[in-house]
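Text of input11.json (JSON, C-alpha atoms) as supplied:
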```json
[["chain", "number", "residue", "atom", "x", "y", "z"],
["I", 1, "MET", "CA", -33.91, -57.41, 36.20],
["I", 2, "ASN", "CA", -32.41, -59.76, 33.63],
["I", 3, "LYS", "CA", -36.00, -60.67, 32.72],
["I", 4, "VAL", "CA", -37.20, -57.07, 32.83],
["I", 5, "ILE", "CA", -34.58, -55.51, 30.54],
["I", 6, "GLY", "CA", -35.69, -55.89, 26.93],
["I", 7, "CYS", "CA", -39.24, -56.83, 27.94],
["I", 8, "HIS", "CA", -40.33, -53.61, 29.66],
["I", 9, "ASP", "CA", -39.84, -49.90, 29.32],
["I", 10, "ILE", "CA", -37.92, -48.45, 32.28],
["I", 11, "ILE", "CA", -39.00, -45.36, 34.20],
["I", 12, "PHE", "CA", -36.79, -43.85, 36.88],
["I", 13, "ILE", "CA", -38.28, -40.95, 38.83],
["I", 14, "VAL", "CA", -36.19, -39.18, 41.46],
["I", 15, "LEU", "CA", -38.15, -37.07, 43.93],
["I", 16, "ASP", "CA", -35.25, -34.70, 44.51],
["I", 17, "THR", "CA", -34.61, -33.80, 48.18],
["I", 18, "LEU", "CA", -37.58, -35.74, 49.61],
["I", 19, "ARG", "CA", -37.02, -36.81, 53.20],
["I", 20, "TYR", "CA", -38.14, -40.25, 54.32],
["I", 21, "ASP", "CA", -40.10, -38.88, 57.28],
["I", 22, "VAL", "CA", -41.90, -36.42, 55.02],
["I", 23, "ALA", "CA", -42.81, -39.22, 52.60],
["I", 24, "GLN", "CA", -44.17, -41.19, 55.56],
["I", 25, "ILE", "CA", -46.24, -38.26, 56.84],
["I", 26, "ALA", "CA", -47.80, -37.78, 53.41],
["I", 27, "LEU", "CA", -48.54, -41.50, 53.19],
["I", 28, "GLU", "CA", -50.07, -41.74, 56.68],
["I", 29, "GLN", "CA", -52.22, -38.65, 56.09],
["I", 30, "ASP", "CA", -53.45, -40.13, 52.79],
["I", 31, "LEU", "CA", -52.11, -37.18, 50.81],
["I", 32, "ILE", "CA", -50.48, -39.31, 48.10],
["I", 33, "PRO", "CA", -53.16, -41.83, 47.10],
["I", 34, "ASN", "CA", -51.87, -42.23, 43.56],
["I", 35, "ILE", "CA", -48.34, -43.11, 44.62],
["I", 36, "LYS", "CA", -49.67, -45.25, 47.47],
["I", 37, "ALA", "CA", -51.60, -47.41, 45.02],
["I", 38, "TYR", "CA", -48.31, -48.52, 43.44],
["I", 39, "LEU", "CA", -46.17, -48.93, 46.54],
["I", 40, "PRO", "CA", -45.54, -52.59, 47.43],
["I", 41, "HIS", "CA", -47.75, -53.33, 50.46],
["I", 42, "GLN", "CA", -48.67, -49.62, 50.25],
["I", 43, "GLN", "CA", -45.47, -48.74, 52.10],
["I", 44, "TRP", "CA", -42.28, -46.85, 51.34],
["I", 45, "GLN", "CA", -39.05, -48.75, 51.85],
["I", 46, "GLN", "CA", -36.77, -46.89, 54.25],
["I", 47, "CYS", "CA", -33.30, -46.59, 52.74],
["I", 48, "HIS", "CA", -29.95, -44.88, 53.08],
["I", 49, "SER", "CA", -28.77, -42.65, 50.28],
["I", 50, "SER", "CA", -25.22, -43.03, 48.98],
["I", 51, "ALA", "CA", -24.73, -39.26, 49.11],
["I", 52, "THR", "CA", -25.93, -36.04, 50.70],
["I", 53, "PHE", "CA", -26.74, -34.05, 47.56],
["I", 54, "THR", "CA", -27.86, -34.47, 43.98],
["I", 55, "TYR", "CA", -24.60, -34.68, 42.05],
["I", 56, "PRO", "CA", -22.90, -37.63, 43.80],
["I", 57, "ALA", "CA", -26.22, -39.37, 44.48],
["I", 58, "HIS", "CA", -27.10, -39.54, 40.79],
["I", 59, "HIS", "CA", -23.65, -40.73, 39.80],
["I", 60, "ALA", "CA", -24.21, -43.60, 42.23],
["I", 61, "PHE", "CA", -27.72, -44.25, 40.90],
["I", 62, "PHE", "CA", -26.65, -44.51, 37.29],
["I", 63, "ALA", "CA", -23.83, -46.90, 38.23],
["I", 64, "GLY", "CA", -26.37, -49.15, 39.93],
["I", 65, "PHE", "CA", -26.09, -48.00, 43.54],
["I", 66, "LEU", "CA", -29.70, -47.22, 44.32],
["I", 67, "PRO", "CA", -30.68, -46.31, 47.90],
["I", 68, "THR", "CA", -29.66, -49.09, 50.30],
["I", 69, "PRO", "CA", -32.38, -50.74, 52.42],
["I", 70, "ILE", "CA", -31.74, -49.83, 56.04],
["I", 71, "ASN", "CA", -32.76, -53.30, 57.26],
["I", 72, "HIS", "CA", -30.86, -55.19, 54.53],
["I", 73, "PRO", "CA", -27.68, -53.34, 53.48],
["I", 74, "THR", "CA", -26.36, -56.30, 51.46],
["I", 75, "ALA", "CA", -29.57, -56.77, 49.46],
["I", 76, "PRO", "CA", -28.90, -57.78, 45.83],
["I", 77, "ARG", "CA", -28.97, -54.77, 43.53],
["I", 78, "LEU", "CA", -31.36, -54.49, 40.58],
["I", 79, "PHE", "CA", -28.60, -53.52, 38.17],
["I", 80, "ALA", "CA", -24.90, -52.84, 38.44],
["I", 81, "ALA", "CA", -21.84, -51.83, 36.49],
["I", 82, "ASP", "CA", -19.51, -54.81, 36.29],
["I", 83, "PHE", "CA", -17.36, -54.52, 39.39],
["I", 84, "MET", "CA", -15.04, -57.21, 40.73],
["I", 85, "GLY", "CA", -15.72, -58.20, 44.30],
["I", 86, "SER", "CA", -19.13, -56.59, 44.67],
["I", 87, "GLU", "CA", -21.10, -58.23, 47.48],
["I", 88, "THR", "CA", -24.44, -56.95, 46.18],
["I", 89, "ILE", "CA", -24.38, -58.44, 42.67],
["I", 90, "ALA", "CA", -26.51, -61.59, 42.45],
["I", 91, "GLU", "CA", -27.80, -63.82, 39.66],
["I", 92, "SER", "CA", -30.90, -61.62, 39.47],
["I", 93, "THR", "CA", -28.82, -58.44, 38.98],
["I", 94, "TRP", "CA", -28.59, -57.00, 35.47],
["I", 95, "VAL", "CA", -24.85, -56.43, 35.08],
["I", 96, "PHE", "CA", -23.51, -54.19, 32.35],
["I", 97, "LYS", "CA", -20.02, -53.42, 31.03],
["I", 98, "GLN", "CA", -20.61, -49.70, 30.56],
["I", 99, "ALA", "CA", -19.91, -47.22, 33.36],
["I", 100, "ASN", "CA", -23.57, -46.29, 33.71],
["I", 101, "MET", "CA", -27.02, -47.73, 33.10],
["I", 102, "VAL", "CA", -28.00, -45.01, 30.64],
["I", 103, "GLU", "CA", -25.38, -45.98, 28.08],
["I", 104, "ALA", "CA", -25.95, -49.66, 28.86],
["I", 105, "LEU", "CA", -29.67, -49.39, 28.08],
["I", 106, "ALA", "CA", -28.93, -47.46, 24.90],
["I", 107, "ALA", "CA", -26.71, -50.38, 23.86],
["I", 108, "CYS", "CA", -29.78, -52.60, 24.34],
["I", 109, "ASP", "CA", -31.75, -50.45, 21.88],
["I", 110, "TYR", "CA", -33.56, -48.39, 24.49],
["I", 111, "GLN", "CA", -34.26, -44.75, 23.66],
["I", 112, "THR", "CA", -32.86, -42.84, 26.64],
["I", 113, "ILE", "CA", -34.69, -39.68, 27.73],
["I", 114, "CYS", "CA", -33.88, -37.24, 30.52],
["I", 115, "ILE", "CA", -36.23, -34.54, 31.80],
["I", 116, "GLY", "CA", -34.23, -32.47, 34.25],
["I", 117, "GLY", "CA", -35.35, -30.46, 37.22],
["I", 118, "VAL", "CA", -32.69, -29.10, 39.58],
["I", 119, "GLY", "CA", -29.63, -27.18, 38.46],
["I", 120, "PHE", "CA", -27.40, -30.20, 37.88],
["I", 121, "PHE", "CA", -29.53, -30.90, 34.78],
["I", 122, "ASN", "CA", -29.77, -27.38, 33.37],
["I", 123, "LYS", "CA", -27.14, -27.77, 30.59],
["I", 124, "GLN", "CA", -26.10, -24.14, 31.16],
["I", 125, "ASN", "CA", -22.52, -25.02, 32.08],
["I", 126, "ALA", "CA", -20.16, -27.97, 32.10],
["I", 127, "ILE", "CA", -21.27, -29.49, 35.40],
["I", 128, "GLY", "CA", -24.93, -29.02, 34.49],
["I", 129, "SER", "CA", -24.34, -30.98, 31.29],
["I", 130, "VAL", "CA", -22.74, -34.11, 32.77],
["I", 131, "PHE", "CA", -25.99, -36.01, 33.38],
["I", 132, "PRO", "CA", -27.98, -34.75, 30.37],
["I", 133, "ASN", "CA", -25.10, -35.71, 28.07],
["I", 134, "LEU", "CA", -25.49, -39.36, 29.06],
["I", 135, "PHE", "CA", -28.88, -39.47, 27.35],
["I", 136, "GLN", "CA", -29.91, -39.54, 23.70],
["I", 137, "GLN", "CA", -32.58, -36.96, 24.46],
["I", 138, "SER", "CA", -32.35, -34.45, 27.30],
["I", 139, "TYR", "CA", -34.56, -31.55, 28.29],
["I", 140, "TRP", "CA", -34.51, -28.78, 30.87],
["I", 141, "SER", "CA", -36.08, -25.34, 31.10],
["I", 142, "LYS", "CA", -36.87, -22.73, 33.70],
["I", 143, "GLU", "CA", -40.40, -24.15, 33.69],
["I", 144, "THR", "CA", -39.15, -27.59, 34.84],
["I", 145, "SER", "CA", -36.91, -26.07, 37.53],
["I", 146, "VAL", "CA", -37.30, -25.26, 41.21],
["I", 147, "VAL", "CA", -38.60, -21.73, 40.57],
["I", 148, "ASN", "CA", -41.82, -22.88, 38.88],
["I", 149, "LYS", "CA", -44.66, -23.93, 41.16],
["I", 150, "ASN", "CA", -46.09, -25.99, 38.29],
["I", 151, "SER", "CA", -42.81, -27.71, 37.40],
["I", 152, "THR", "CA", -44.07, -31.29, 37.75],
["I", 153, "GLN", "CA", -47.02, -30.60, 35.49],
["I", 154, "VAL", "CA", -44.62, -29.29, 32.86],
["I", 155, "GLN", "CA", -42.35, -32.32, 33.26],
["I", 156, "VAL", "CA", -45.23, -34.78, 32.94],
["I", 157, "ASP", "CA", -46.67, -32.99, 29.90],
["I", 158, "MET", "CA", -43.22, -33.02, 28.31],
["I", 159, "ALA", "CA", -42.76, -36.73, 29.02],
["I", 160, "LEU", "CA", -46.09, -37.66, 27.45],
["I", 161, "LYS", "CA", -45.37, -35.62, 24.33],
["I", 162, "ILE", "CA", -41.94, -37.21, 23.92],
["I", 163, "LEU", "CA", -43.25, -40.73, 24.42],
["I", 164, "SER", "CA", -46.05, -40.13, 21.93],
["I", 165, "LYS", "CA", -43.48, -39.44, 19.22],
["I", 166, "LEU", "CA", -41.52, -42.66, 19.68],
["I", 167, "LYS", "CA", -41.85, -45.35, 17.04],
["I", 168, "GLN", "CA", -44.18, -48.19, 17.84],
["I", 169, "ASN", "CA", -42.51, -50.94, 19.91],
["I", 170, "GLN", "CA", -39.55, -48.68, 20.69],
["I", 171, "ARG", "CA", -38.34, -49.47, 24.18],
["I", 172, "TYR", "CA", -37.43, -46.43, 26.26],
["I", 173, "PHE", "CA", -35.70, -45.43, 29.47],
["I", 174, "LEU", "CA", -37.40, -42.33, 30.85],
["I", 175, "PHE", "CA", -35.62, -40.52, 33.67],
["I", 176, "ILE", "CA", -37.28, -37.57, 35.42],
["I", 177, "ASN", "CA", -35.66, -35.49, 38.13],
["I", 178, "ILE", "CA", -38.63, -33.98, 39.99],
["I", 179, "SER", "CA", -37.69, -30.53, 41.29],
["I", 180, "ALA", "CA", -40.82, -29.60, 43.27],
["I", 181, "LEU", "CA", -39.61, -31.04, 46.61],
["I", 182, "HIS", "CA", -36.37, -29.05, 46.49],
["I", 183, "GLN", "CA", -36.20, -25.62, 48.03],
["I", 184, "PRO", "CA", -38.02, -23.34, 47.57],
["I", 185, "ASN", "CA", -41.17, -25.31, 48.31],
["I", 186, "TYR", "CA", -42.96, -22.96, 50.71],
["I", 187, "PHE", "CA", -45.36, -21.84, 47.97],
["I", 188, "TYR", "CA", -47.12, -25.22, 48.04],
["I", 189, "LEU", "CA", -48.37, -24.48, 51.57],
["I", 190, "LYS", "CA", -50.97, -21.74, 51.79],
["I", 191, "GLY", "CA", -49.75, -18.78, 53.82],
["I", 192, "ALA", "CA", -46.21, -20.12, 54.28],
["I", 193, "LYS", "CA", -43.25, -17.78, 53.85],
["I", 194, "GLU", "CA", -40.42, -20.26, 54.33],
["I", 195, "ASP", "CA", -39.69, -23.90, 53.64],
["I", 196, "SER", "CA", -40.56, -26.49, 56.27],
["I", 197, "ILE", "CA", -41.49, -30.13, 56.74],
["I", 198, "GLU", "CA", -45.10, -29.10, 56.22],
["I", 199, "SER", "CA", -44.41, -27.33, 52.94],
["I", 200, "GLN", "CA", -42.47, -30.33, 51.61],
["I", 201, "VAL", "CA", -45.44, -32.53, 52.52],
["I", 202, "ALA", "CA", -47.66, -30.16, 50.54],
["I", 203, "ALA", "CA", -45.22, -30.27, 47.61],
["I", 204, "LEU", "CA", -45.34, -34.07, 47.58],
["I", 205, "ALA", "CA", -49.14, -33.98, 47.53],
["I", 206, "TYR", "CA", -48.91, -31.76, 44.44],
["I", 207, "VAL", "CA", -46.44, -34.13, 42.77],
["I", 208, "ASP", "CA", -48.73, -37.09, 43.48],
["I", 209, "LYS", "CA", -51.57, -35.53, 41.49],
["I", 210, "GLU", "CA", -49.33, -34.93, 38.50],
["I", 211, "LEU", "CA", -47.73, -38.37, 38.55],
["I", 212, "LYS", "CA", -51.19, -39.92, 38.33],
["I", 213, "ILE", "CA", -51.53, -38.43, 34.86],
["I", 214, "LEU", "CA", -48.21, -39.96, 33.80],
["I", 215, "PHE", "CA", -48.90, -43.37, 35.33],
["I", 216, "ASP", "CA", -52.44, -43.56, 33.92],
["I", 217, "SER", "CA", -51.20, -42.78, 30.42],
["I", 218, "ILE", "CA", -48.35, -45.30, 30.58],
["I", 219, "LYS", "CA", -50.64, -47.98, 32.00],
["I", 220, "LYS", "CA", -52.92, -47.71, 28.96],
["I", 221, "GLN", "CA", -50.17, -48.01, 26.37],
["I", 222, "HIS", "CA", -47.09, -49.62, 27.81],
["I", 223, "SER", "CA", -45.67, -52.20, 30.20],
["I", 224, "ALA", "CA", -43.12, -50.44, 32.35],
["I", 225, "PHE", "CA", -40.92, -51.07, 35.35],
["I", 226, "CYS", "CA", -40.70, -47.98, 37.56],
["I", 227, "ILE", "CA", -38.17, -46.94, 40.18],
["I", 228, "LEU", "CA", -39.42, -44.13, 42.45],
["I", 229, "CYS", "CA", -37.15, -42.73, 45.12],
["I", 230, "SER", "CA", -35.40, -39.73, 46.60],
["I", 231, "ASP", "CA", -31.73, -38.94, 46.19],
["I", 232, "HIS", "CA", -31.28, -37.33, 49.63],
["I", 233, "GLY", "CA", -33.22, -35.40, 52.22],
["I", 234, "THR", "CA", -32.73, -31.94, 53.64],
["I", 235, "CYS", "CA", -32.61, -30.26, 57.04],
["I", 236, "TYR", "CA", -35.17, -27.80, 58.33],
["I", 237, "GLY", "CA", -33.31, -26.74, 61.46],
["I", 238, "GLU", "CA", -32.32, -30.13, 62.86],
["I", 239, "ALA", "CA", -29.10, -29.73, 64.90],
["I", 240, "GLY", "CA", -28.99, -26.17, 63.59],
["I", 241, "TYR", "CA", -28.63, -27.32, 59.96],
["I", 242, "TYR", "CA", -30.63, -26.03, 57.01],
["I", 243, "GLY", "CA", -30.35, -27.63, 53.57],
["I", 244, "HIS", "CA", -28.22, -30.66, 52.71],
["I", 245, "LYS", "CA", -24.63, -31.67, 51.92],
["I", 246, "VAL", "CA", -24.40, -32.68, 55.59],
["I", 247, "ALA", "CA", -24.46, -36.23, 56.98],
["I", 248, "HIS", "CA", -27.52, -35.77, 59.19],
["I", 249, "GLN", "CA", -29.91, -38.72, 59.37],
["I", 250, "VAL", "CA", -32.77, -36.75, 57.79],
["I", 251, "VAL", "CA", -30.51, -36.11, 54.80],
["I", 252, "LEU", "CA", -29.32, -39.71, 54.53],
["I", 253, "GLN", "CA", -32.69, -41.45, 55.02],
["I", 254, "VAL", "CA", -34.81, -41.56, 51.88],
["I", 255, "PRO", "CA", -37.98, -43.28, 50.60],
["I", 256, "TYR", "CA", -37.71, -45.91, 47.88],
["I", 257, "ALA", "CA", -40.03, -48.16, 45.85],
["I", 258, "HIS", "CA", -40.06, -50.09, 42.59],
["I", 259, "PHE", "CA", -43.07, -51.57, 40.85],
["I", 260, "PHE", "CA", -44.64, -52.42, 37.51],
["I", 261, "ILE", "CA", -47.01, -50.11, 35.66],
["I", 262, "GLY", "CA", -49.35, -51.98, 33.38],
["I", 263, "LEU", "CA", -49.08, -55.70, 32.74],
["I", 264, "ASN", "CA", -46.01, -57.66, 33.77],
["I", 265, "ASN", "CA", -45.49, -59.67, 30.58],
["I", 266, "CYS", "CA", -42.18, -61.22, 31.55]]
```

Representation of the structure as structure tokens:
Amino acid sequence: MNKVIGCHDIIFIVLDTLRYDVAQIALEQDLIPNIKAYLPHQQWQQCHSSATFTYPAHHAFFAGFLPTPINHPTAPRLFAADFMGSETIAESTWVFKQANMVEALAACDYQTICIGGVGFFNKQNAIGSVFPNLFQQSYWSKETSVVNKNSTQVQVDMALKILSKLKQNQRYFLFINISALHQPNYFYLKGAKEDSIESQVAALAYVDKELKILFDSIKKQHSAFCILCSDHGTCYGEAGYYGHKVAHQVVLQVPYAHFFIGLNNC
């Protein structure tokens, strides 16, 4: 990451509430061909989340604690806030003095942009303003939220408009919290009346089509490093649980990938 920062734009997309097993089903059924094309070895990496719901998970993300590989829990981190005694900071890790990567990238002349999805990004109260306030530009609307079936389309359109207005050669950090996987997601599955594994699979297939538009546009104009992952999963009746904020394995196990979009010039 020490070679990436300053040489590439950074894109961080969180597929909010996406379970690892759901991501695998969609991959195996060839429902996410556009995402699959970018996944290293065309596979998701199975990871543990640091938290069971959006608020603590994103605090961890921005401090450098991305989902932890299940088969390599001490893997060197991509980036990290300077922290004495950390066992996951290596020579390849981009270490920053600030408390979070957003402010650290801004200090490196990146334009920082947040396009929110779930309620923790809505800027309608103090807690919903914590994450957006880290960024130089932040956006949220009812149309980007969980209630809009076309939320990802709105988020992608917004991202492309914002990026088109940046000055030439301006490096940017684009963060998008994708809300479509979060409940309610039943309306992505024809005839469904409640959320389920199947409706989240259908929601991910919808997101895949919209992300293609974003990736194709970026590939033509920019050289970007992208992180694509979930922050936590959710229960659909496992052990009698529904939703998240519980330490069930389907909540803690999430898909993760990082890759380059466009040319790797570094």

From (-23.7, -32.4, 51.6), in the file's coordinates, out to 8 Å: which residues are reached, counting all atoms listed in the file? Answer as an mmCIF file with C-alpha atoms, in the coordinates of the input.
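The result, stored in selection.cif:
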```
data_model
loop_
_atom_site.group_PDB
_atom_site.id
_atom_site.type_symbol
_atom_site.label_atom_id
_atom_site.label_comp_id
_atom_site.auth_asym_id
_atom_site.auth_seq_id
_atom_site.Cartn_x
_atom_site.Cartn_y
_atom_site.Cartn_z
ATOM 1 C CA ALA I 51 -24.730 -39.260 49.110
ATOM 2 C CA THR I 52 -25.930 -36.040 50.700
ATOM 3 C CA PHE I 53 -26.740 -34.050 47.560
ATOM 4 C CA HIS I 244 -28.220 -30.660 52.710
ATOM 5 C CA LYS I 245 -24.630 -31.670 51.920
ATOM 6 C CA VAL I 246 -24.400 -32.680 55.590
ATOM 7 C CA ALA I 247 -24.460 -36.230 56.980
#
```

Residues within 12 Å of Phe131 (chain I), please, as a VMD selection string. Count all atoms listed in the file; anything in the same chain fewer than 2 positions from it doesn't count. chain I and resid 54 to 62 100 to 103 112 to 123 125 to 129 133 to 140 175 to 177

Polymer residues at most 8 Å from region 222-228 of chain I, all atoms listed in the file, same-chain spacing of 4 or more positions, as number ranges by chain: I: 4, 8-15, 218, 256-265

Using C-alpha atoms, can you export the residues from the last selection as a CSV table (one decimal), in the frame of the given file?
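Dumped everything to out-v4.csv:
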```
chain,number,residue,atom,x,y,z
I,4,VAL,CA,-37.2,-57.1,32.8
I,8,HIS,CA,-40.3,-53.6,29.7
I,9,ASP,CA,-39.8,-49.9,29.3
I,10,ILE,CA,-37.9,-48.4,32.3
I,11,ILE,CA,-39.0,-45.4,34.2
I,12,PHE,CA,-36.8,-43.8,36.9
I,13,ILE,CA,-38.3,-41.0,38.8
I,14,VAL,CA,-36.2,-39.2,41.5
I,15,LEU,CA,-38.2,-37.1,43.9
I,218,ILE,CA,-48.4,-45.3,30.6
I,256,TYR,CA,-37.7,-45.9,47.9
I,257,ALA,CA,-40.0,-48.2,45.8
I,258,HIS,CA,-40.1,-50.1,42.6
I,259,PHE,CA,-43.1,-51.6,40.8
I,260,PHE,CA,-44.6,-52.4,37.5
I,261,ILE,CA,-47.0,-50.1,35.7
I,262,GLY,CA,-49.4,-52.0,33.4
I,263,LEU,CA,-49.1,-55.7,32.7
I,264,ASN,CA,-46.0,-57.7,33.8
I,265,ASN,CA,-45.5,-59.7,30.6
```

With 6 Å of padding per side, what axis-aligned box (centre and edge lengths, Å, one decimal) covers all the listed atoms of region 135-146 of chain I? Give it as AutoDock Vina command-line options.
```
--center_x -34.6 --center_y -31.1 --center_z 32.5 --size_x 23.5 --size_y 28.8 --size_z 29.5
```

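The space separating CA of Tyr188 (chain I) from CA of Val22 (chain I) comes to 14.2 Å.
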
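The interatomic distance for the pair CA of Ser86 (chain I) and CA of Asp231 (chain I) works out to 21.7 Å.
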
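With distances restricted to only C-alpha atoms, I:Leu78 is the closest residue to Lys3 (chain I) from I:Ala63, I:Ile178, I:Ile70, I:Leu78.
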
At what distance in Å, to one decimal, does CA of Ala23 (chain I) lie from CA of Glu198 (chain I)? 11.0 Å

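Using only C-alpha atoms, the protein and nucleic acid residues lying no more than 8 Å from Ser92 (chain I), apart from those fewer than 6 places from it along its own chain, are Met1, Asn2, Pro76 and Leu78 of chain I.
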
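Minimum distance to Asp208 (chain I) across I:Gln249, I:Ser164, I:Gln42, I:Thr152 (counting only C-alpha atoms) occurs at I:Thr152.
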
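Shortest atom-to-atom contact with Ala106 (chain I) among I:Gln170, I:Ser196, I:Gln29, I:Gln45: I:Gln170, counting only C-alpha atoms.
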
In terms of all atoms listed in the file, the residue from I:Asp82, I:Glu194, I:Glu143, I:Asp157 at minimal distance from Lys212 (chain I) is I:Asp157
